[in-house]
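Student: Below is the file query-v4.csv, which contains CSV, C-alpha atoms.
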```
chain,number,residue,atom,x,y,z
A,744,MET,CA,89.3,23.0,-46.9
A,745,LYS,CA,85.9,23.1,-45.2
A,746,ASP,CA,85.6,20.6,-42.3
A,747,ILE,CA,83.2,17.7,-42.9
A,748,TYR,CA,80.1,17.9,-40.7
A,749,TYR,CA,80.4,15.1,-38.1
A,750,GLY,CA,76.9,14.0,-38.8
A,751,TRP,CA,78.1,12.5,-42.1
A,752,TYR,CA,80.7,10.3,-40.2
A,753,ILE,CA,77.8,9.0,-38.1
A,754,ILE,CA,75.7,8.2,-41.2
A,755,ALA,CA,78.8,6.4,-42.7
A,756,ALA,CA,79.3,4.4,-39.6
A,757,CYS,CA,75.7,3.3,-39.4
A,758,PHE,CA,75.7,2.6,-43.1
A,759,PHE,CA,78.5,0.1,-43.0
A,760,SER,CA,77.3,-1.5,-39.7
A,761,SER,CA,73.8,-1.9,-41.1
A,762,LEU,CA,75.2,-3.3,-44.4
A,763,TYR,CA,77.1,-6.0,-42.4
A,764,VAL,CA,74.4,-7.0,-40.0
A,765,ALA,CA,71.6,-6.9,-42.6
A,766,GLY,CA,73.7,-8.8,-45.1
A,767,ILE,CA,74.2,-11.7,-42.7
A,768,VAL,CA,71.0,-11.9,-40.8
A,769,VAL,CA,68.2,-10.4,-42.9
A,770,PHE,CA,69.4,-11.4,-46.4
A,771,GLY,CA,72.2,-14.0,-46.0
A,772,PHE,CA,70.9,-16.3,-43.3
A,773,THR,CA,68.7,-18.1,-45.7
A,774,ALA,CA,71.9,-19.5,-47.3
A,775,PHE,CA,72.4,-21.6,-44.2
A,776,PHE,CA,69.0,-23.3,-44.3
A,777,GLU,CA,70.0,-26.2,-46.6
A,778,PRO,CA,73.3,-26.9,-44.8
A,779,PHE,CA,71.5,-27.0,-41.4
A,780,ILE,CA,68.9,-29.4,-42.8
A,781,THR,CA,71.5,-31.6,-44.5
A,782,THR,CA,73.7,-31.8,-41.4
A,783,PHE,CA,71.1,-32.3,-38.7
A,784,GLY,CA,68.0,-33.6,-40.5
A,785,TRP,CA,65.8,-30.7,-39.2
A,786,SER,CA,62.6,-29.6,-41.0
A,787,TYR,CA,62.2,-26.3,-42.8
A,788,ALA,CA,59.6,-25.3,-40.1
A,789,GLN,CA,62.2,-26.0,-37.3
A,790,VAL,CA,64.8,-23.8,-39.1
A,791,SER,CA,62.3,-21.1,-39.9
A,792,VAL,CA,61.6,-20.5,-36.3
A,793,ALA,CA,64.9,-18.6,-36.2
A,794,VAL,CA,63.5,-16.1,-38.7
A,795,SER,CA,60.3,-15.7,-36.7
A,796,LEU,CA,62.3,-15.1,-33.5
A,797,ARG,CA,64.1,-12.2,-35.2
A,798,GLY,CA,60.9,-10.5,-36.2
A,799,ALA,CA,59.1,-11.1,-32.8
A,800,GLU,CA,62.2,-9.9,-30.9
A,801,THR,CA,62.4,-6.7,-32.8
A,802,GLY,CA,58.6,-6.0,-32.5
A,803,LEU,CA,58.6,-6.5,-28.7
A,804,ILE,CA,61.5,-4.3,-27.8
A,805,ALA,CA,61.5,-1.7,-30.5
A,806,PRO,CA,59.5,0.9,-28.4
A,807,LEU,CA,62.0,0.3,-25.5
A,808,LEU,CA,64.9,0.8,-27.8
A,809,GLY,CA,63.5,4.0,-29.0
A,810,TYR,CA,62.9,5.2,-25.5
A,811,TRP,CA,66.5,4.5,-24.6
A,812,VAL,CA,67.9,6.2,-27.7
A,813,ASP,CA,65.9,9.4,-26.9
A,814,ARG,CA,67.5,9.6,-23.5
A,815,ARG,CA,71.0,8.0,-23.8
A,816,GLY,CA,71.7,7.8,-27.5
A,817,PRO,CA,72.4,4.8,-29.8
A,818,ARG,CA,76.1,4.3,-29.3
A,819,TRP,CA,76.1,1.7,-26.5
A,820,LEU,CA,73.1,-0.1,-28.0
A,821,LEU,CA,75.0,-0.5,-31.2
A,822,PHE,CA,78.2,-1.5,-29.3
A,823,SER,CA,76.3,-4.2,-27.3
A,824,GLY,CA,74.4,-5.4,-30.4
A,825,SER,CA,77.7,-5.9,-32.3
A,826,ILE,CA,79.1,-8.0,-29.5
A,827,LEU,CA,75.9,-10.1,-29.3
A,828,VAL,CA,75.8,-10.6,-33.1
A,829,GLY,CA,79.4,-11.7,-33.1
A,830,ILE,CA,79.1,-14.0,-30.1
A,831,SER,CA,75.8,-15.6,-31.4
A,832,LEU,CA,77.3,-16.4,-34.8
A,833,ILE,CA,80.3,-18.0,-33.1
A,834,ILE,CA,77.9,-20.1,-30.9
A,835,LEU,CA,76.0,-21.1,-34.0
A,836,SER,CA,79.2,-22.3,-35.6
A,837,LYS,CA,79.7,-24.7,-32.7
A,838,MET,CA,76.1,-25.9,-32.2
A,839,GLN,CA,75.4,-29.6,-32.1
A,840,SER,CA,71.6,-29.7,-31.4
A,841,LEU,CA,68.3,-27.9,-31.9
A,842,VAL,CA,68.6,-26.4,-28.4
A,843,GLY,CA,72.0,-25.0,-29.3
A,844,PHE,CA,70.6,-23.6,-32.5
A,845,TYR,CA,67.7,-21.8,-30.8
A,846,THR,CA,70.0,-20.5,-28.1
A,847,GLY,CA,72.2,-18.9,-30.7
A,848,ALA,CA,69.2,-17.7,-32.7
A,849,ILE,CA,67.7,-15.9,-29.7
A,850,ILE,CA,71.0,-14.2,-28.9
A,851,LEU,CA,71.3,-13.3,-32.6
A,852,ALA,CA,67.8,-11.9,-32.7
A,853,PHE,CA,68.4,-9.7,-29.7
A,854,GLY,CA,71.8,-8.5,-31.0
A,855,THR,CA,70.2,-7.7,-34.4
A,856,SER,CA,67.4,-5.7,-32.7
A,857,LEU,CA,70.1,-3.5,-31.0
A,858,CYS,CA,71.4,-2.7,-34.5
A,859,SER,CA,68.0,-2.3,-36.2
A,860,PRO,CA,66.5,0.8,-37.8
A,861,ALA,CA,64.8,1.6,-34.5
A,862,VAL,CA,68.3,2.4,-33.1
A,863,VAL,CA,70.1,3.9,-36.1
A,864,ALA,CA,67.3,5.9,-37.7
A,865,PRO,CA,67.2,8.5,-34.9
A,866,SER,CA,70.9,9.3,-35.7
A,867,ALA,CA,69.8,10.9,-39.0
A,868,ALA,CA,66.8,12.5,-37.4
A,869,ASN,CA,69.0,14.1,-34.7
A,870,TRP,CA,71.8,15.3,-36.8
A,871,PHE,CA,70.0,16.5,-39.9
A,872,LYS,CA,67.0,18.7,-40.9
A,873,LYS,CA,67.5,20.4,-44.3
A,874,ARG,CA,69.3,17.3,-45.6
A,875,LEU,CA,67.4,14.8,-43.6
A,876,GLY,CA,66.1,13.0,-46.7
A,877,MET,CA,69.5,12.4,-48.2
A,878,ALA,CA,71.0,11.3,-44.8
A,879,THR,CA,68.2,8.9,-44.2
A,880,GLY,CA,68.4,7.5,-47.7
A,881,ILE,CA,72.1,6.8,-47.4
A,882,LEU,CA,71.5,5.2,-44.0
A,883,ALA,CA,68.7,3.1,-45.3
A,884,ALA,CA,70.8,2.1,-48.4
A,885,GLY,CA,73.1,0.3,-46.0
A,886,PHE,CA,70.5,-2.3,-45.4
A,887,GLY,CA,69.9,-2.7,-49.2
A,888,PHE,CA,73.6,-3.1,-49.9
A,889,GLY,CA,73.6,-5.9,-47.4
A,890,GLY,CA,72.0,-8.0,-50.2
A,891,LEU,CA,75.3,-8.0,-52.0
A,892,LEU,CA,76.8,-10.2,-49.2
A,893,ILE,CA,74.6,-13.1,-50.3
A,894,PRO,CA,76.9,-14.4,-53.0
A,895,VAL,CA,79.9,-13.9,-50.7
A,896,ILE,CA,78.3,-15.9,-48.0
A,897,ILE,CA,77.3,-18.7,-50.4
A,898,GLN,CA,80.9,-18.8,-51.8
A,899,LEU,CA,82.3,-19.0,-48.3
A,900,ILE,CA,79.9,-21.9,-47.4
A,901,ASN,CA,80.9,-23.8,-50.6
A,902,THR,CA,84.6,-23.2,-50.0
A,903,ALA,CA,85.1,-23.5,-46.2
A,904,GLY,CA,81.8,-25.0,-44.9
A,905,TRP,CA,79.0,-23.6,-42.9
A,906,ARG,CA,80.6,-23.8,-39.5
A,907,GLU,CA,83.7,-22.0,-40.6
A,908,THR,CA,81.6,-19.4,-42.4
A,909,LEU,CA,79.6,-18.6,-39.3
A,910,PHE,CA,82.8,-18.3,-37.2
A,911,ILE,CA,84.4,-16.0,-39.8
A,912,LEU,CA,81.2,-13.8,-39.9
A,913,GLY,CA,81.1,-13.7,-36.1
A,914,ILE,CA,84.7,-12.5,-35.9
A,915,GLY,CA,83.9,-10.0,-38.6
A,916,ALA,CA,81.0,-8.5,-36.6
A,917,LEU,CA,83.4,-7.9,-33.7
A,918,VAL,CA,86.2,-6.5,-35.9
A,919,ILE,CA,84.0,-4.3,-38.1
A,920,CYS,CA,80.9,-3.3,-36.2
A,921,LEU,CA,82.4,-2.6,-32.8
A,922,PRO,CA,84.7,0.2,-33.9
A,923,LEU,CA,82.0,1.7,-36.1
A,924,SER,CA,79.6,1.9,-33.1
A,925,LEU,CA,82.1,4.1,-31.2
A,926,VAL,CA,81.8,6.7,-34.0
A,927,VAL,CA,78.1,7.3,-33.3
A,928,ARG,CA,77.0,10.2,-31.1
A,929,HIS,CA,73.7,11.3,-29.6
A,930,ARG,CA,72.7,14.9,-30.4
A,931,PRO,CA,74.7,17.7,-32.1
A,932,GLU,CA,73.8,20.2,-29.4
A,933,GLN,CA,76.0,18.3,-27.0
A,934,TYR,CA,79.0,19.3,-29.2
A,935,GLY,CA,78.1,22.9,-29.8
A,936,LEU,CA,76.4,22.2,-33.1
A,937,ARG,CA,72.9,22.1,-34.6
A,938,PRO,CA,71.4,19.9,-37.3
A,939,ASP,CA,73.2,20.1,-40.7
A,940,GLY,CA,76.3,21.6,-39.0
A,941,GLU,CA,75.0,25.1,-38.0
A,942,LYS,CA,76.8,26.5,-34.9
A,943,ALA,CA,74.8,26.7,-31.8
A,944,PRO,CA,75.0,29.8,-29.6
A,945,GLU,CA,77.2,29.2,-26.5
A,946,GLU,CA,74.4,30.1,-24.1
A,947,LYS,CA,72.2,27.4,-25.7
A,948,ALA,CA,74.9,24.8,-26.1
A,949,ALA,CA,75.4,24.6,-22.4
A,950,GLY,CA,71.9,23.2,-21.8
A,951,ALA,CA,71.8,21.1,-24.9
A,952,ASN,CA,71.8,17.8,-23.0
A,953,ASN,CA,68.2,18.4,-22.1
A,954,ALA,CA,66.0,17.1,-24.8
A,955,GLN,CA,63.4,19.8,-24.1
A,956,SER,CA,65.9,22.5,-25.2
A,957,ILE,CA,65.8,21.2,-28.8
A,958,PRO,CA,64.4,23.8,-31.1
A,959,ALA,CA,61.0,23.4,-32.9
A,960,LEU,CA,60.9,21.7,-36.2
A,961,SER,CA,58.6,21.8,-39.3
A,962,THR,CA,55.3,21.6,-37.4
A,963,GLY,CA,56.2,24.5,-35.1
A,964,ARG,CA,57.2,22.4,-32.1
A,965,ASP,CA,58.2,18.9,-31.0
A,966,TYR,CA,55.5,16.5,-30.0
A,967,THR,CA,55.5,14.5,-26.8
A,968,THR,CA,55.2,10.8,-27.0
A,969,ARG,CA,51.6,10.9,-25.8
A,970,GLU,CA,50.6,13.6,-28.3
A,971,ALA,CA,52.2,11.7,-31.1
A,972,LEU,CA,50.7,8.3,-30.3
A,973,THR,CA,47.2,9.7,-29.9
A,974,SER,CA,47.3,11.7,-33.1
A,975,ARG,CA,45.4,10.6,-36.2
A,976,ALA,CA,48.5,11.1,-38.3
A,977,PHE,CA,50.5,8.5,-36.3
A,978,TRP,CA,47.9,5.8,-36.8
A,979,HIS,CA,47.6,6.6,-40.5
A,980,LEU,CA,51.4,6.2,-40.9
A,981,THR,CA,51.6,3.2,-38.6
A,982,LEU,CA,48.7,1.2,-40.1
A,983,GLY,CA,49.7,2.1,-43.6
A,984,PHE,CA,53.3,1.0,-43.3
A,985,THR,CA,52.2,-2.1,-41.3
A,986,LEU,CA,49.9,-3.3,-44.1
A,987,GLN,CA,52.5,-2.6,-46.6
A,988,TYR,CA,55.1,-4.6,-44.7
A,989,MET,CA,52.8,-7.6,-44.5
A,990,VAL,CA,53.3,-7.7,-48.2
A,991,VAL,CA,57.0,-6.8,-48.2
A,992,GLY,CA,57.8,-9.5,-45.7
A,993,SER,CA,55.8,-12.0,-47.7
A,994,VAL,CA,57.6,-11.2,-51.0
A,995,LEU,CA,61.0,-11.4,-49.4
A,996,ALA,CA,60.3,-14.7,-47.7
A,997,HIS,CA,58.4,-16.4,-50.5
A,998,ILE,CA,59.9,-15.0,-53.7
A,999,MET,CA,62.0,-18.1,-54.5
A,1000,PRO,CA,59.2,-20.7,-54.0
A,1001,PHE,CA,56.8,-18.3,-55.9
A,1002,LEU,CA,59.1,-18.1,-58.9
A,1003,SER,CA,59.5,-21.8,-58.8
A,1004,SER,CA,55.7,-22.3,-58.7
A,1005,VAL,CA,55.4,-20.3,-62.0
A,1006,GLN,CA,58.0,-22.5,-63.7
A,1007,ILE,CA,60.9,-20.1,-63.6
A,1008,ASP,CA,64.3,-22.0,-63.4
A,1009,ARG,CA,66.3,-21.7,-60.2
A,1010,SER,CA,69.2,-19.7,-61.6
A,1011,THR,CA,66.9,-17.0,-63.0
A,1012,ALA,CA,64.8,-17.1,-59.8
A,1013,GLY,CA,68.0,-16.5,-57.8
A,1014,PHE,CA,68.9,-13.5,-59.9
A,1015,LEU,CA,65.4,-12.0,-59.5
A,1016,ALA,CA,65.4,-12.7,-55.8
A,1017,ALA,CA,68.7,-10.9,-55.3
A,1018,ALA,CA,67.5,-8.1,-57.5
A,1019,VAL,CA,64.8,-7.0,-55.0
A,1020,PRO,CA,67.2,-5.7,-52.3
A,1021,VAL,CA,69.7,-4.4,-54.8
A,1022,VAL,CA,67.1,-2.5,-56.8
A,1023,SER,CA,65.7,-1.1,-53.5
A,1024,ILE,CA,69.0,0.8,-53.1
A,1025,ALA,CA,67.9,3.1,-56.0
A,1026,GLY,CA,64.6,3.7,-54.3
A,1027,ARG,CA,66.2,4.5,-50.9
A,1028,LEU,CA,68.6,7.0,-52.3
A,1029,ALA,CA,66.2,8.6,-54.9
A,1030,SER,CA,63.5,9.1,-52.3
A,1031,GLY,CA,66.0,10.6,-49.9
A,1032,TRP,CA,67.2,13.1,-52.5
A,1033,ALA,CA,63.6,13.9,-53.6
A,1034,SER,CA,62.2,14.2,-50.1
A,1035,ASP,CA,64.6,17.2,-49.4
A,1036,ARG,CA,63.1,19.0,-52.4
A,1037,LEU,CA,59.5,17.8,-52.9
A,1038,ASP,CA,56.4,17.2,-50.8
A,1039,ARG,CA,57.0,14.1,-48.7
A,1040,LYS,CA,53.4,13.0,-48.5
A,1041,SER,CA,53.1,13.1,-52.3
A,1042,LEU,CA,56.2,11.0,-52.6
A,1043,ALA,CA,54.8,8.5,-50.1
A,1044,VAL,CA,51.5,8.3,-52.1
A,1045,LEU,CA,53.5,7.6,-55.3
A,1046,SER,CA,55.6,4.9,-53.6
A,1047,PHE,CA,52.5,3.2,-52.2
A,1048,ALA,CA,50.7,3.3,-55.5
A,1049,VAL,CA,53.7,1.8,-57.3
A,1050,ILE,CA,54.1,-1.1,-54.9
A,1051,THR,CA,50.3,-1.8,-55.2
A,1052,ALA,CA,50.7,-2.1,-59.0
A,1053,ALA,CA,53.8,-4.2,-58.6
A,1054,THR,CA,52.0,-6.7,-56.3
A,1055,LEU,CA,49.2,-7.1,-58.8
A,1056,LEU,CA,51.6,-7.7,-61.6
A,1057,PHE,CA,53.1,-10.7,-59.8
A,1058,ASP,CA,49.8,-12.6,-60.5
A,1059,PHE,CA,50.1,-12.0,-64.2
A,1060,SER,CA,53.8,-12.9,-64.5
A,1061,GLY,CA,55.5,-16.3,-65.1
A,1062,ALA,CA,58.0,-18.1,-67.3
A,1063,GLY,CA,56.0,-17.2,-70.4
A,1064,THR,CA,56.0,-13.5,-69.4
A,1065,LEU,CA,59.4,-13.2,-67.9
A,1066,TRP,CA,59.7,-9.5,-69.0
A,1067,LEU,CA,56.6,-8.7,-66.9
A,1068,MET,CA,58.2,-10.4,-63.9
A,1069,VAL,CA,61.3,-8.3,-64.4
A,1070,VAL,CA,59.1,-5.2,-64.4
A,1071,ALA,CA,57.2,-6.3,-61.3
A,1072,VAL,CA,60.4,-7.1,-59.4
A,1073,GLY,CA,61.9,-3.7,-60.5
A,1074,LEU,CA,58.9,-1.7,-59.4
A,1075,PHE,CA,58.5,-3.6,-56.2
A,1076,GLY,CA,62.2,-3.2,-55.3
A,1077,ILE,CA,62.2,0.6,-56.0
A,1078,SER,CA,59.0,1.3,-54.0
A,1079,TYR,CA,60.0,-1.0,-51.2
A,1080,GLY,CA,63.3,0.8,-50.9
A,1081,SER,CA,61.7,4.3,-51.0
A,1082,ALA,CA,59.3,3.3,-48.2
A,1083,ASN,CA,62.3,2.6,-45.9
A,1084,THR,CA,63.5,6.2,-46.3
A,1085,LEU,CA,60.1,7.9,-46.3
A,1086,ARG,CA,59.0,6.2,-43.2
A,1087,ALA,CA,61.6,7.9,-41.0
A,1088,VAL,CA,61.5,11.2,-42.9
A,1089,LEU,CA,57.7,11.5,-42.5
A,1090,LEU,CA,57.7,10.7,-38.9
A,1091,ARG,CA,60.4,13.3,-38.2
A,1092,GLU,CA,58.5,15.9,-40.3
A,1093,TYR,CA,55.2,15.3,-38.4
A,1094,PHE,CA,56.4,14.9,-34.8
A,1095,GLY,CA,59.9,16.4,-34.5
A,1096,ARG,CA,63.0,14.8,-33.0
A,1097,SER,CA,63.0,15.2,-29.2
A,1098,ARG,CA,60.9,12.0,-29.0
A,1099,PHE,CA,61.6,10.6,-32.4
A,1100,GLY,CA,63.3,7.4,-31.2
A,1101,THR,CA,60.3,6.5,-29.0
A,1102,VAL,CA,57.7,7.2,-31.6
A,1103,PHE,CA,59.7,5.5,-34.3
A,1104,GLY,CA,60.1,2.5,-32.0
A,1105,PHE,CA,56.4,2.1,-31.5
A,1106,LEU,CA,55.8,2.3,-35.3
A,1107,MET,CA,58.6,-0.4,-35.8
A,1108,GLY,CA,56.9,-2.6,-33.2
A,1109,PHE,CA,53.6,-2.7,-35.2
A,1110,LEU,CA,55.5,-3.0,-38.5
A,1111,SER,CA,57.4,-6.1,-37.2
A,1112,LEU,CA,54.0,-7.8,-36.5
A,1113,GLY,CA,53.1,-7.3,-40.2
A,1114,VAL,CA,56.4,-8.8,-41.2
A,1115,ILE,CA,55.6,-11.9,-39.1
A,1116,VAL,CA,52.0,-12.3,-40.1
A,1117,GLY,CA,52.4,-11.7,-43.8
A,1118,PRO,CA,54.7,-14.6,-44.7
A,1119,LEU,CA,52.6,-17.0,-42.5
A,1120,LEU,CA,49.5,-16.0,-44.4
A,1121,ALA,CA,51.1,-16.4,-47.8
A,1122,GLY,CA,52.4,-19.8,-46.8
A,1123,TRP,CA,48.9,-20.9,-45.6
A,1124,ILE,CA,47.3,-19.7,-48.9
A,1125,PHE,CA,49.8,-21.6,-51.0
A,1126,ASP,CA,49.5,-24.8,-48.9
A,1127,THR,CA,45.7,-24.5,-49.2
A,1128,PHE,CA,45.3,-23.6,-52.9
A,1129,GLN,CA,48.7,-24.8,-54.3
A,1130,SER,CA,49.0,-21.3,-55.8
A,1131,TYR,CA,50.1,-17.8,-54.8
A,1132,SER,CA,47.4,-16.2,-57.0
A,1133,TYR,CA,45.0,-15.6,-54.1
A,1134,ALA,CA,47.8,-14.2,-52.0
A,1135,TRP,CA,48.7,-11.6,-54.6
A,1136,TRP,CA,45.1,-10.4,-54.9
A,1137,LEU,CA,44.8,-10.2,-51.1
A,1138,PHE,CA,48.1,-8.4,-50.8
A,1139,THR,CA,47.1,-6.0,-53.6
A,1140,LEU,CA,44.0,-5.1,-51.6
A,1141,LEU,CA,46.1,-4.6,-48.4
A,1142,ASN,CA,48.4,-2.3,-50.3
A,1143,ALA,CA,45.4,-0.4,-51.7
A,1144,ALA,CA,44.1,0.1,-48.1
A,1145,ALA,CA,47.6,1.3,-47.1
A,1146,LEU,CA,47.6,3.7,-50.0
A,1147,LEU,CA,44.2,5.1,-48.9
A,1148,LEU,CA,45.6,5.7,-45.4
A,1149,ILE,CA,48.5,7.7,-46.8
A,1150,ILE,CA,46.3,9.7,-49.2
A,1151,THR,CA,44.1,10.7,-46.3
A,1152,LEU,CA,47.0,11.5,-44.0
A,1153,PRO,CA,46.5,15.0,-42.6
A,1154,LYS,CA,49.1,17.6,-43.4
A,1155,ALA,CA,51.7,18.2,-40.8
A,1156,LYS,CA,50.7,21.8,-40.2
A,1157,SER,CA,47.1,20.7,-39.4
A,1158,LEU,CA,48.1,18.6,-36.4
```
What would you get if you wrote out this structure as structure tokens?
Tutor:
Amino acid sequence: MKDIYYGWYIIAACFFSSLYVAGIVVFGFTAFFEPFITTFGWSYAQVSVAVSLRGAETGLIAPLLGYWVDRRGPRWLLFSGSILVGISLIILSKMQSLVGFYTGAIILAFGTSLCSPAVVAPSAANWFKKRLGMATGILAAGFGFGGLLIPVIIQLINTAGWRETLFILGIGALVICLPLSLVVRHRPEQYGLRPDGEKAPEEKAAGANNAQSIPALSTGRDYTTREALTSRAFWHLTLGFTLQYMVVGSVLAHIMPFLSSVQIDRSTAGFLAAAVPVVSIAGRLASGWASDRLDRKSLAVLSFAVITAATLLFDFSGAGTLWLMVVAVGLFGISYGSANTLRAVLLREYFGRSRFGTVFGFLMGFLSLGVIVGPLLAGWIFDTFQSYSYAWWLFTLLNAAALLLIITLPKAKSL
């Protein structure tokens, strides 16, 4: 039987680690809002600071994380992040004040950043070339599958209480994520391999620890960080995805109050909200498969066009046109998921992999700013006009601008 290429073990480890961390922090943490408010009498604004801390933390340190990954690899970042996530959840389970809450939230934000796409995405970029799209799609799907933990967390809170649930989840992070982090390796050249499992000649394997010895990729050579950050293509990609994620962050944060504002009952709204990350799995995997076979820029254009249409459909959907809301949620989830895969795949195609982590980290830093600003803007619009209608029209225009940036993205060979 043919040996399984070790890169797939790394993808599997990152998949399950991302599933667990994203399921708790990105998707599931909202389930603790009401228990916190009921127990301590805090406001929604006070509790929401924890979410903002996560976005701000990731945005600030993403470039540094990418720089570290390029030189040392992701293993010890994932190992440290798993410890911090576990400890922070245990701290939160024991908190008695707002100071204790923010202390735990800061540690949780930092730990989550160490397990973020800025750390795990370079694993796919380093270990795969021909099957990069599929590997990246599987890795990105881990975040999407995290949405399936929402009902589990809710059931645990209802059965055992929020303190016990946080403690259990903290222990789970240590038991599950710590061993998985040890599976991850830096570059295949260090083990006598090349991307996709090709054997590296012995004379080249000896010097594989040096990032400069990595062979050229699709554009003819690997770009330095300076060359990448000063290229027109980098800013087209960065601004395009940042504008898009202003919208994505807003939808993920405001979908429940939006659905309530258009008279959709809470049970149906909960189903539609959970459908976004679940449906995104199909987009992550499908775009990964397709990007190994079709033109990646064209796929990105299609993805951006679909999310633009989906955002506009939100303004025409409501309780009386529930079928249209289902269509909008489905299209939004698929295109949002595909963007997660195509973001990393495009960056690797354009700039190579020797400095992929650093370049990807800078992109993620800008993207995190969009995730912070978008929800705040949507909230201000609703507070001012008592409707999300103006928000959807504004976000449609932002998505259209992002689409234009991707359409005018120069081809990789012209860099």
Student: Around (76.6, 16.8, -45.6) in the file's own coordinates, what residues are found within 10 Å if you use only C-alpha atoms, given back as a PDB file with C-alpha atoms, in the frame of the given file?
Tutor:
```
ATOM      1  CA  ILE A 747      83.200  17.700 -42.900  1.00  0.00           C
ATOM      2  CA  TYR A 748      80.100  17.900 -40.700  1.00  0.00           C
ATOM      3  CA  TYR A 749      80.400  15.100 -38.100  1.00  0.00           C
ATOM      4  CA  GLY A 750      76.900  14.000 -38.800  1.00  0.00           C
ATOM      5  CA  TRP A 751      78.100  12.500 -42.100  1.00  0.00           C
ATOM      6  CA  TYR A 752      80.700  10.300 -40.200  1.00  0.00           C
ATOM      7  CA  ILE A 754      75.700   8.200 -41.200  1.00  0.00           C
ATOM      8  CA  PHE A 871      70.000  16.500 -39.900  1.00  0.00           C
ATOM      9  CA  LYS A 873      67.500  20.400 -44.300  1.00  0.00           C
ATOM     10  CA  ARG A 874      69.300  17.300 -45.600  1.00  0.00           C
ATOM     11  CA  LEU A 875      67.400  14.800 -43.600  1.00  0.00           C
ATOM     12  CA  MET A 877      69.500  12.400 -48.200  1.00  0.00           C
ATOM     13  CA  ALA A 878      71.000  11.300 -44.800  1.00  0.00           C
ATOM     14  CA  ASP A 939      73.200  20.100 -40.700  1.00  0.00           C
ATOM     15  CA  GLY A 940      76.300  21.600 -39.000  1.00  0.00           C
TER      16      GLY A 940
END
```
Student: When you count all atoms listed in the file, which of these residues is closest to Ile1024 in chain A: A:Ala1082, A:Leu917, A:Ala1134, A:Leu936?
Tutor: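 Closest residue, counting all atoms listed in the file: A:Ala1082.
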Student: Looking at all atoms listed in the file, which of A:Ser1023, A:Ser924, A:Ser1111, A:Ser1034 is the one that sits closest to Thr981 in chain A?
Tutor: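 Selected residue with least distance to Thr981 in chain A: A:Ser1111.
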Student: Given only C-alpha atoms as the basis, pick out the residue of A:Ile780, A:Leu995, A:Arg937, A:Gly983 nearest to Ala1018 in chain A.
Tutor: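 The closest residue to Ala1018 in chain A is A:Leu995.
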Student: Between CA of Tyr810 in chain A and CA of Leu980 in chain A, measure the distance and give it in Å to one decimal.
Tutor: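 So the two atoms, CA of Tyr810 in chain A and CA of Leu980 in chain A, lie 19.2 Å apart.
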Student: Could you please determine the separation between CA of Leu921 in chain A and CA of Leu851 in chain A in Å, to one decimal place?
Tutor: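 If I compute the distance from CA of Leu921 in chain A to CA of Leu851 in chain A, I get 15.4 Å.
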Student: Pick the closest to Ala867 in chain A from A:Val1088, A:Val790, A:Leu986, A:Ala1029: which is it, counting only C-alpha atoms?
Tutor: A:Val1088
Student: Can you tell me which residues surround Gly816 in chain A at a distance of at most 7 Å, considering only C-alpha atoms, apart from same-chain residues fewer than 5 positions away, and format the answer as a list in words?
Tutor: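 My list of contacting residues is Trp811, Arg928 and His929 of chain A.
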